[in-house]
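As stored in data_22.txt (compact mmCIF, C-alpha atoms and all ligand atoms):
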# COMPACT_ATOMS: atom_id res chain seq x y z
CA MET N 240 145.49 113.59 110.03
CA SER N 241 142.49 113.11 112.27
CA ILE N 242 139.62 110.92 111.17
CA SER N 243 137.36 112.51 113.73
CA LYS N 244 138.14 115.98 112.36
CA ASN N 245 137.63 114.85 108.76
CA LEU N 246 134.24 113.43 109.69
CA SER N 247 133.12 116.64 111.36
CA ASP N 248 134.54 118.81 108.53
CA ILE N 249 132.62 116.78 105.95
CA GLN N 250 129.46 116.92 108.04
CA ALA N 251 129.78 120.71 108.18
CA ILE N 252 130.06 120.87 104.39
CA ILE N 253 127.02 118.60 104.06
CA ASN N 254 125.05 120.87 106.38
CA LYS N 255 126.08 124.00 104.52
CA ASN N 256 125.35 122.62 101.06
CA ALA N 257 122.04 121.13 102.10
CA GLN N 258 120.88 124.39 103.66
CA GLU N 259 122.01 126.47 100.70
CA HIS N 260 119.83 124.31 98.50
CA GLY N 261 116.76 124.31 100.71
CA ARG N 262 117.32 120.80 101.98
CA ASP N 263 117.19 119.42 105.50
CA PRO N 264 120.74 118.27 106.35
CA SER N 265 119.34 115.39 108.39
CA GLN N 266 118.11 113.89 105.09
CA VAL N 267 121.72 113.35 104.00
CA SER N 268 123.71 110.48 105.51
CA LEU N 269 127.45 110.07 105.26
CA VAL N 270 128.54 106.53 104.37
CA ALA N 271 132.18 106.19 105.45
CA VAL N 272 133.81 103.93 102.87
CA SER N 273 136.22 101.74 104.83
CA LYS N 274 137.43 99.46 102.04
CA ARG N 275 141.18 98.83 102.19
CA GLN N 276 141.54 100.83 105.40
CA SER N 277 143.18 99.57 108.59
CA ASP N 278 141.32 98.24 111.62
CA ALA N 279 142.83 101.11 113.60
CA ALA N 280 141.37 103.68 111.20
CA ILE N 281 137.97 102.01 111.42
CA ARG N 282 138.18 102.03 115.20
CA ASP N 283 138.95 105.77 115.13
CA ALA N 284 135.80 106.39 113.13
CA LEU N 285 133.74 104.24 115.52
CA ASP N 286 135.29 106.02 118.53
CA SER N 287 134.26 109.37 117.09
CA GLY N 288 130.69 108.10 116.96
CA HIS N 289 130.31 107.30 113.28
CA ARG N 290 128.07 104.31 112.55
CA ILE N 291 127.36 104.12 108.80
CA PHE N 292 130.02 102.41 106.71
CA GLY N 293 130.38 101.16 103.15
CA GLU N 294 132.40 98.25 101.81
CA ASN N 295 132.80 97.01 98.26
CA ARG N 296 133.85 93.39 98.90
CA VAL N 297 131.96 90.85 101.00
CA GLN N 298 135.00 89.01 102.32
CA GLU N 299 136.86 92.15 103.30
CA ALA N 300 133.73 93.49 104.93
CA GLN N 301 133.49 90.34 107.04
CA ALA N 302 137.11 90.79 108.13
CA HIS N 303 136.48 94.43 109.03
CA TRP N 304 133.09 94.13 110.68
CA MET N 305 132.24 90.66 112.04
CA MET N 306 134.07 91.31 115.30
CA HIS N 307 132.39 94.67 115.81
CA ARG N 308 129.00 93.14 115.09
CA GLN N 309 129.62 90.24 117.46
CA SER N 310 131.02 92.46 120.21
CA GLY N 311 127.55 93.92 120.74
CA ASN N 312 129.16 97.34 121.31
CA TYR N 313 127.76 98.89 118.15
CA THR N 314 124.16 97.80 117.91
CA ASP N 315 123.40 100.84 115.73
CA LEU N 316 126.06 99.99 113.13
CA ILE N 317 124.78 100.16 109.54
CA LEU N 318 126.75 98.55 106.71
CA HIS N 319 126.19 99.34 103.04
CA LEU N 320 127.41 97.10 100.25
CA ILE N 321 128.64 99.46 97.52
CA GLY N 322 130.56 97.06 95.26
CA PRO N 323 129.55 94.41 92.72
CA LEU N 324 127.94 91.32 94.28
CA GLN N 325 128.50 87.81 92.88
CA THR N 326 125.57 85.46 93.37
CA ASN N 327 127.76 82.96 95.26
CA LYS N 328 128.34 85.66 97.91
CA VAL N 329 124.68 86.57 98.33
CA LYS N 330 124.21 84.46 101.44
CA ASP N 331 127.11 86.12 103.29
CA ALA N 332 126.11 89.56 102.03
CA VAL N 333 122.53 89.25 103.27
CA ALA N 334 123.78 88.05 106.64
CA LEU N 335 126.26 90.92 107.11
CA PHE N 336 124.96 94.04 105.36
CA ASP N 337 122.00 96.28 106.12
CA VAL N 338 121.65 97.96 102.72
CA ILE N 339 122.54 96.59 99.27
CA GLU N 340 123.38 99.50 96.96
CA THR N 341 124.45 97.53 93.92
CA LEU N 342 121.43 95.67 92.66
CA ASP N 343 122.24 95.55 88.94
CA ARG N 344 120.91 92.44 87.18
CA GLU N 345 118.06 89.95 87.17
CA LYS N 346 120.07 86.97 88.31
CA LEU N 347 121.24 88.88 91.37
CA ALA N 348 117.75 90.20 92.11
CA ARG N 349 116.38 86.64 92.09
CA ALA N 350 119.17 85.36 94.34
CA LEU N 351 118.75 88.26 96.79
CA GLY N 352 114.98 87.81 96.93
CA LYS N 353 115.33 84.13 97.74
CA GLU N 354 118.08 84.58 100.30
CA MET N 355 116.35 87.43 102.13
CA GLN N 356 113.24 85.32 102.45
CA LYS N 357 115.30 82.41 103.76
CA GLN N 358 117.15 84.53 106.35
CA GLU N 359 114.04 86.60 107.07
CA ARG N 360 116.07 89.74 106.51
CA GLN N 361 114.33 92.17 104.16
CA LEU N 362 117.16 94.59 103.40
CA PRO N 363 116.53 97.86 101.58
CA CYS N 364 118.12 97.73 98.12
CA PHE N 365 119.20 100.47 95.72
CA ILE N 366 119.43 99.81 92.00
CA GLN N 367 122.80 100.78 90.56
CA VAL N 368 122.21 102.86 87.43
CA ASN N 369 124.87 103.11 84.75
CA THR N 370 124.04 106.74 84.03
CA GLY N 371 126.99 107.12 81.66
CA GLU N 372 126.06 103.93 79.75
CA GLU N 373 129.66 102.76 80.02
CA ALA N 374 130.11 99.23 78.68
CA GLN N 375 132.69 98.21 81.30
CA LYS N 376 130.70 99.51 84.25
CA SER N 377 128.02 97.72 86.29
CA GLY N 378 124.52 99.04 86.52
CA VAL N 379 121.24 99.15 84.69
CA TYR N 380 120.90 101.55 81.75
CA PRO N 381 118.40 104.36 82.36
CA SER N 382 116.22 103.04 79.51
CA ASP N 383 115.94 99.61 81.20
CA LEU N 384 115.36 100.94 84.69
CA GLU N 385 111.59 100.95 84.89
CA GLU N 386 111.29 97.35 83.73
CA PHE N 387 114.10 96.18 86.01
CA TYR N 388 112.58 97.97 88.99
CA ALA N 389 109.23 96.27 88.37
CA PHE N 390 110.98 92.90 88.08
CA CYS N 391 112.82 93.39 91.39
CA VAL N 392 109.69 94.39 93.28
CA ARG N 393 107.06 92.14 91.69
CA GLU N 394 109.00 89.00 90.78
CA CYS N 395 111.61 89.00 93.53
CA GLY N 396 109.81 90.75 96.39
CA LEU N 397 112.73 93.12 96.98
CA ASP N 398 112.37 96.32 98.97
CA VAL N 399 113.84 98.76 96.44
CA THR N 400 114.03 102.17 98.11
CA GLY N 401 116.50 104.07 95.95
CA LEU N 402 119.05 104.38 93.17
CA MET N 403 122.82 104.67 93.16
CA CYS N 404 125.32 105.80 90.53
CA ILE N 405 129.04 106.16 89.91
CA PRO N 406 129.45 108.83 87.20
CA PRO N 407 132.07 108.45 84.44
CA ILE N 408 135.38 109.95 85.56
CA ASP N 409 135.74 112.12 82.46
CA GLU N 410 132.37 113.87 82.57
CA PRO N 411 130.89 116.51 84.89
CA ALA N 412 129.33 114.55 87.75
CA ALA N 413 126.51 117.07 88.17
CA MET N 414 124.87 115.95 84.94
CA HIS N 415 124.72 112.37 86.23
CA PHE N 416 123.52 113.43 89.66
CA GLY N 417 120.73 115.39 88.03
CA LEU N 418 119.76 112.39 85.91
CA LEU N 419 119.74 110.05 88.93
CA ASN N 420 117.57 112.53 90.78
CA ARG N 421 115.00 112.60 87.96
CA LEU N 422 114.99 108.80 87.65
CA THR N 423 114.50 108.42 91.39
CA HIS N 424 111.54 110.76 91.44
CA ASN N 425 109.99 109.22 88.33
CA LEU N 426 109.89 105.89 90.15
CA GLY N 427 108.63 107.50 93.34
CA LEU N 428 111.65 106.33 95.34
CA THR N 429 113.18 108.00 98.37
CA HIS N 430 116.91 107.47 98.26
CA LEU N 431 119.74 108.64 96.03
CA SER N 432 123.24 107.36 96.74
CA MET N 433 125.67 109.57 94.85
CA GLY N 434 128.78 111.63 95.44
CA MET N 435 132.24 110.59 96.60
CA SER N 436 135.23 112.45 98.11
CA ALA N 437 135.78 114.61 95.02
CA ASP N 438 132.21 115.64 94.33
CA TYR N 439 129.93 115.07 97.32
CA PRO N 440 129.06 118.77 97.89
CA LYS N 441 127.54 118.85 94.42
CA ALA N 442 125.68 115.58 95.08
CA VAL N 443 124.18 117.08 98.26
CA ALA N 444 123.06 120.11 96.26
CA LEU N 445 121.41 117.80 93.72
CA GLY N 446 119.44 115.68 96.16
CA ALA N 447 121.71 112.90 97.49
CA THR N 448 120.38 111.18 100.60
CA TYR N 449 123.55 109.08 100.93
CA ILE N 450 127.03 110.18 99.97
CA ARG N 451 129.89 107.66 99.95
CA VAL N 452 133.20 109.10 101.11
CA GLY N 453 136.39 107.10 101.60
CA THR N 454 139.69 108.93 101.11
CA GLY N 455 138.16 112.22 102.30
CA ILE N 456 137.72 110.61 105.73
CA PHE N 457 140.48 108.01 106.00
CA GLY N 458 143.15 109.26 103.61
CA VAL N 459 144.64 107.19 100.81
CA ARG N 460 143.87 103.49 100.69
CA SER N 461 146.42 100.70 101.04
CA ASP N 462 146.52 100.36 97.25
CA THR N 463 145.01 102.30 94.40
CA ASN N 464 142.15 101.32 92.17
C1 LIG R 1 135.63 103.45 96.83
C2 LIG R 1 134.27 103.92 96.55
C3 LIG R 1 133.80 105.15 97.06
C4 LIG R 1 134.66 106.11 97.86
O1 LIG R 1 135.53 106.77 97.01
P1 LIG R 1 136.47 107.97 97.56
O2 LIG R 1 136.93 108.64 96.33
O3 LIG R 1 137.57 107.32 98.33
O4 LIG R 1 135.63 108.83 98.41
C5 LIG R 1 132.48 105.50 96.80
N1 LIG R 1 131.67 104.70 96.08
C6 LIG R 1 132.07 103.51 95.60
C7 LIG R 1 131.12 102.68 94.83
C8 LIG R 1 133.38 103.09 95.81
O5 LIG R 1 133.77 101.90 95.31

As structure tokens, the full file:
Amino acid sequence: MSISKNLSDIQAIINKNAQEHGRDPSQVSLVAVSKRQSDAAIRDALDSGHRIFGENRVQEAQAHWMMHRQSGNYTDLILHLIGPLQTNKVKDAVALFDVIETLDREKLARALGKEMQKQERQLPCFIQVNTGEEAQKSGVYPSDLEEFYAFCVRECGLDVTGLMCIPPIDEPAAMHFGLLNRLTHNLGLTHLSMGMSADYPKAVALGATYIRVGTGIFGVRSDTN
């Protein structure tokens, strides 16, 4: 299996789906989800020119990416945090990542606002929306979104530029992608992060500006979850 070929195959599908739906393919970015992948696999993706990656744990992201950041070889590297963020990890997250996709509660918004000011790093943030209103899942309910967005921007000074969702596994993803699209436009935001290995073509059709693909690029992860 070739990571380079997977990346170009996925890019071709993005291009095709975007064009078929009257969208400019350059408006869709592929976030390569490198969680629980080997350093060699990550290096393959870097060698093939890919620069946007997603990680769901701060500590693992540091292990994967600190050396590449410090090497100075990849000045255009962009790291997205796509997993839940504990407030005690906010300092490390703000130092390492470029985009926070999982803004999901007031306490976190406050902590991020403070830390970004302290480090003078104003990172773009996406609010994670729990479109399926699943009790066990992170994210703001659609009905609370407007108020939470206003809180993040006005009270915490965060640069909220988009929304992100992880649809329920037992429902058609398209319904949730459509909902996220409407919510994004209602708030006048630019970015929609939605779609994973199994459903990204549909997400592109429904307006995604970031898709998050892991196994489709790297193959199965070192354990399942
Ligand atoms: C792991 C993960 C992905 C990637 O999932 P694949 O099915 O491997 O493409 C995307 N988004 C989030 C939030 C994830 O945790």

For ligand LIG 1 (chain R), collect every residue having any atom at a distance of at most 12 Å from a ligand atom (counting all atoms listed in the file); output as an MDAnalysis selection string.
-> chainID N and resid 249 269:276 292:296 319:324 339:341 367:369 376:378 403:408 432:440 449:464

Atom-to-atom span, atom CA of N:Lys441 and atom CA of N:Gly417, Å = 10.0 Å

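From atom CA of N:Asp398 back to atom CA of N:Ser268, the distance works out to 19.3 Å.
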
So what do you get for atom CA of N:Gln250 versus atom CA of N:Leu318, distance-wise?
-> 18.6 Å

Kindly extract all protein, DNA and RNA residues lying within 10 Å of the coordinates (116.7, 90.1, 92.4) given in the file, considering only C-alpha atoms, and supply them as a list in words.
->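 Residues with an atom at most 10 Å from (116.7, 90.1, 92.4): Leu342, Asp343, Arg344, Glu345, Lys346, Leu347, Ala348, Arg349, Ala350, Leu351, Gly352, Lys353, Glu354, Cys364, Phe387, Tyr388, Phe390, Cys391, Val392, Arg393, Glu394, Cys395, Gly396, Leu397 and Val399 of chain N.
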
Residue with the minimum atom-to-atom distance to N:Leu418, picked from N:Ser241, N:Thr370, N:Val379, N:Ala302 with only C-alpha atoms counted, is N:Thr370

How would you write as a PyMOL selection string the residues that get within 7 Å of (113.7, 104.0, 96.8) in the file's frame, counting all atoms listed in the file?
-> chain N and resi 365+399-402+428-430

Can you pull out the residues contacting N:Asn254? Cut-off 10 Å, using all atoms listed in the file, and skip same-chain residues under 5 positions away; I want them as an mmCIF file with C-alpha atoms, keeping the file's coordinate frame.
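The result, stored in result.cif:
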data_model
loop_
_atom_site.group_PDB
_atom_site.id
_atom_site.type_symbol
_atom_site.label_atom_id
_atom_site.label_comp_id
_atom_site.auth_asym_id
_atom_site.auth_seq_id
_atom_site.Cartn_x
_atom_site.Cartn_y
_atom_site.Cartn_z
ATOM 1 C CA ASP N 248 134.540 118.810 108.530
ATOM 2 C CA ILE N 249 132.620 116.780 105.950
ATOM 3 C CA GLU N 259 122.010 126.470 100.700
ATOM 4 C CA ARG N 262 117.320 120.800 101.980
ATOM 5 C CA ASP N 263 117.190 119.420 105.500
ATOM 6 C CA PRO N 264 120.740 118.270 106.350
ATOM 7 C CA SER N 265 119.340 115.390 108.390
ATOM 8 C CA GLN N 266 118.110 113.890 105.090
ATOM 9 C CA VAL N 267 121.720 113.350 104.000
ATOM 10 C CA PRO N 440 129.060 118.770 97.890
ATOM 11 C CA VAL N 443 124.180 117.080 98.260
#

For N:Ala389, which residue out of N:Asn420, N:Ile366, N:His289, N:His303 is the nearest one, using all atoms listed in the file?
->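 The shortest atom-to-atom distance to N:Ala389 comes from N:Ile366.
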
Nearest to N:Glu373 among N:Glu359, N:Leu316, N:Ile281, N:Glu410, with distances taken over only C-alpha atoms: which residue is it?
-> N:Glu410

Kindly list the centre and edge lengths in Å, rounded to one decimal, for the axis-aligned box that covers all listed atoms of stretch 253-271 of chain N plus 6 Å on each of its six sides, as JSON.
{"center_x": 124.5, "center_y": 116.3, "center_z": 103.4, "size_x": 27.4, "size_y": 32.3, "size_z": 21.9}

Best match for closeness to N:Leu426 among N:Pro381, N:Gly311, N:Gly261, N:Pro363, counting all atoms listed in the file | N:Pro381

Of the residues N:Leu431, N:Leu445, N:Ala332, N:Ala412, which is the one nearest to N:Leu362, using all atoms listed in the file?
->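 Checking each of N:Leu431, N:Leu445, N:Ala332, N:Ala412 against N:Leu362, counting all atoms listed in the file, the winner is N:Ala332.
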
Reconstruct N, CA, C and O atoms of stretch 420-442 of chain N from the incomplete input and present them as an mmCIF file, in the frame of the given file.
data_model
loop_
_atom_site.group_PDB
_atom_site.id
_atom_site.type_symbol
_atom_site.label_atom_id
_atom_site.label_comp_id
_atom_site.auth_asym_id
_atom_site.auth_seq_id
_atom_site.Cartn_x
_atom_site.Cartn_y
_atom_site.Cartn_z
ATOM 1 N N ASN N 420 118.643 111.887 90.028
ATOM 2 C CA ASN N 420 117.570 112.530 90.780
ATOM 3 C C ASN N 420 116.236 112.403 90.025
ATOM 4 O O ASN N 420 115.222 111.989 90.607
ATOM 5 N N ARG N 421 116.244 112.705 88.740
ATOM 6 C CA ARG N 421 115.000 112.600 87.960
ATOM 7 C C ARG N 421 114.484 111.157 87.931
ATOM 8 O O ARG N 421 113.303 110.905 88.099
ATOM 9 N N LEU N 422 115.393 110.215 87.718
ATOM 10 C CA LEU N 422 114.990 108.800 87.650
ATOM 11 C C LEU N 422 114.380 108.352 88.972
ATOM 12 O O LEU N 422 113.393 107.610 89.004
ATOM 13 N N THR N 423 114.980 108.789 90.063
ATOM 14 C CA THR N 423 114.500 108.420 91.390
ATOM 15 C C THR N 423 113.072 108.931 91.605
ATOM 16 O O THR N 423 112.195 108.203 92.080
ATOM 17 N N HIS N 424 112.870 110.188 91.234
ATOM 18 C CA HIS N 424 111.540 110.760 91.440
ATOM 19 C C HIS N 424 110.511 110.188 90.483
ATOM 20 O O HIS N 424 109.368 109.984 90.859
ATOM 21 N N ASN N 425 110.929 109.868 89.276
ATOM 22 C CA ASN N 425 109.990 109.220 88.330
ATOM 23 C C ASN N 425 109.465 107.908 88.876
ATOM 24 O O ASN N 425 108.326 107.535 88.631
ATOM 25 N N LEU N 426 110.315 107.179 89.592
ATOM 26 C CA LEU N 426 109.890 105.890 90.150
ATOM 27 C C LEU N 426 109.229 106.056 91.521
ATOM 28 O O LEU N 426 108.778 105.085 92.112
ATOM 29 N N GLY N 427 109.226 107.261 92.032
ATOM 30 C CA GLY N 427 108.630 107.500 93.340
ATOM 31 C C GLY N 427 109.463 106.948 94.491
ATOM 32 O O GLY N 427 108.926 106.599 95.549
ATOM 33 N N LEU N 428 110.773 106.873 94.289
ATOM 34 C CA LEU N 428 111.650 106.330 95.340
ATOM 35 C C LEU N 428 112.184 107.438 96.223
ATOM 36 O O LEU N 428 112.090 108.624 95.898
ATOM 37 N N THR N 429 112.761 107.041 97.349
ATOM 38 C CA THR N 429 113.180 108.000 98.370
ATOM 39 C C THR N 429 114.674 108.315 98.321
ATOM 40 O O THR N 429 115.083 109.437 98.577
ATOM 41 N N HIS N 430 115.476 107.300 98.028
ATOM 42 C CA HIS N 430 116.910 107.470 98.260
ATOM 43 C C HIS N 430 117.746 107.597 96.996
ATOM 44 O O HIS N 430 117.499 106.928 95.994
ATOM 45 N N LEU N 431 118.744 108.486 97.079
ATOM 46 C CA LEU N 431 119.740 108.640 96.030
ATOM 47 C C LEU N 431 121.109 108.521 96.673
ATOM 48 O O LEU N 431 121.474 109.354 97.509
ATOM 49 N N SER N 432 121.868 107.495 96.271
ATOM 50 C CA SER N 432 123.240 107.360 96.740
ATOM 51 C C SER N 432 124.161 107.842 95.645
ATOM 52 O O SER N 432 124.298 107.204 94.601
ATOM 53 N N MET N 433 124.779 108.992 95.868
ATOM 54 C CA MET N 433 125.670 109.570 94.850
ATOM 55 C C MET N 433 126.584 110.591 95.496
ATOM 56 O O MET N 433 126.229 111.224 96.477
ATOM 57 N N GLY N 434 127.788 110.709 94.918
ATOM 58 C CA GLY N 434 128.780 111.630 95.440
ATOM 59 C C GLY N 434 129.837 110.900 96.244
ATOM 60 O O GLY N 434 129.515 110.062 97.090
ATOM 61 N N MET N 435 131.099 111.182 95.919
ATOM 62 C CA MET N 435 132.240 110.590 96.600
ATOM 63 C C MET N 435 133.146 111.733 97.078
ATOM 64 O O MET N 435 132.737 112.891 97.047
ATOM 65 N N SER N 436 134.377 111.414 97.517
ATOM 66 C CA SER N 436 135.230 112.450 98.110
ATOM 67 C C SER N 436 135.350 113.694 97.228
ATOM 68 O O SER N 436 135.323 114.817 97.717
ATOM 69 N N ALA N 437 135.484 113.496 95.923
ATOM 70 C CA ALA N 437 135.780 114.610 95.020
ATOM 71 C C ALA N 437 134.552 115.461 94.695
ATOM 72 O O ALA N 437 134.701 116.618 94.304
ATOM 73 N N ASP N 438 133.368 114.916 94.859
ATOM 74 C CA ASP N 438 132.210 115.640 94.330
ATOM 75 C C ASP N 438 130.962 115.614 95.232
ATOM 76 O O ASP N 438 129.877 115.977 94.796
ATOM 77 N N TYR N 439 131.131 115.222 96.491
ATOM 78 C CA TYR N 439 129.930 115.070 97.320
ATOM 79 C C TYR N 439 129.167 116.390 97.578
ATOM 80 O O TYR N 439 127.935 116.364 97.698
ATOM 81 N N PRO N 440 129.861 117.569 97.663
ATOM 82 C CA PRO N 440 129.060 118.770 97.890
ATOM 83 C C PRO N 440 128.027 118.990 96.788
ATOM 84 O O PRO N 440 126.874 119.368 97.042
ATOM 85 N N LYS N 441 128.444 118.716 95.549
ATOM 86 C CA LYS N 441 127.540 118.850 94.420
ATOM 87 C C LYS N 441 126.388 117.845 94.513
ATOM 88 O O LYS N 441 125.239 118.150 94.194
ATOM 89 N N ALA N 442 126.715 116.622 94.956
ATOM 90 C CA ALA N 442 125.680 115.580 95.080
ATOM 91 C C ALA N 442 124.640 116.001 96.132
ATOM 92 O O ALA N 442 123.440 115.784 95.946
#
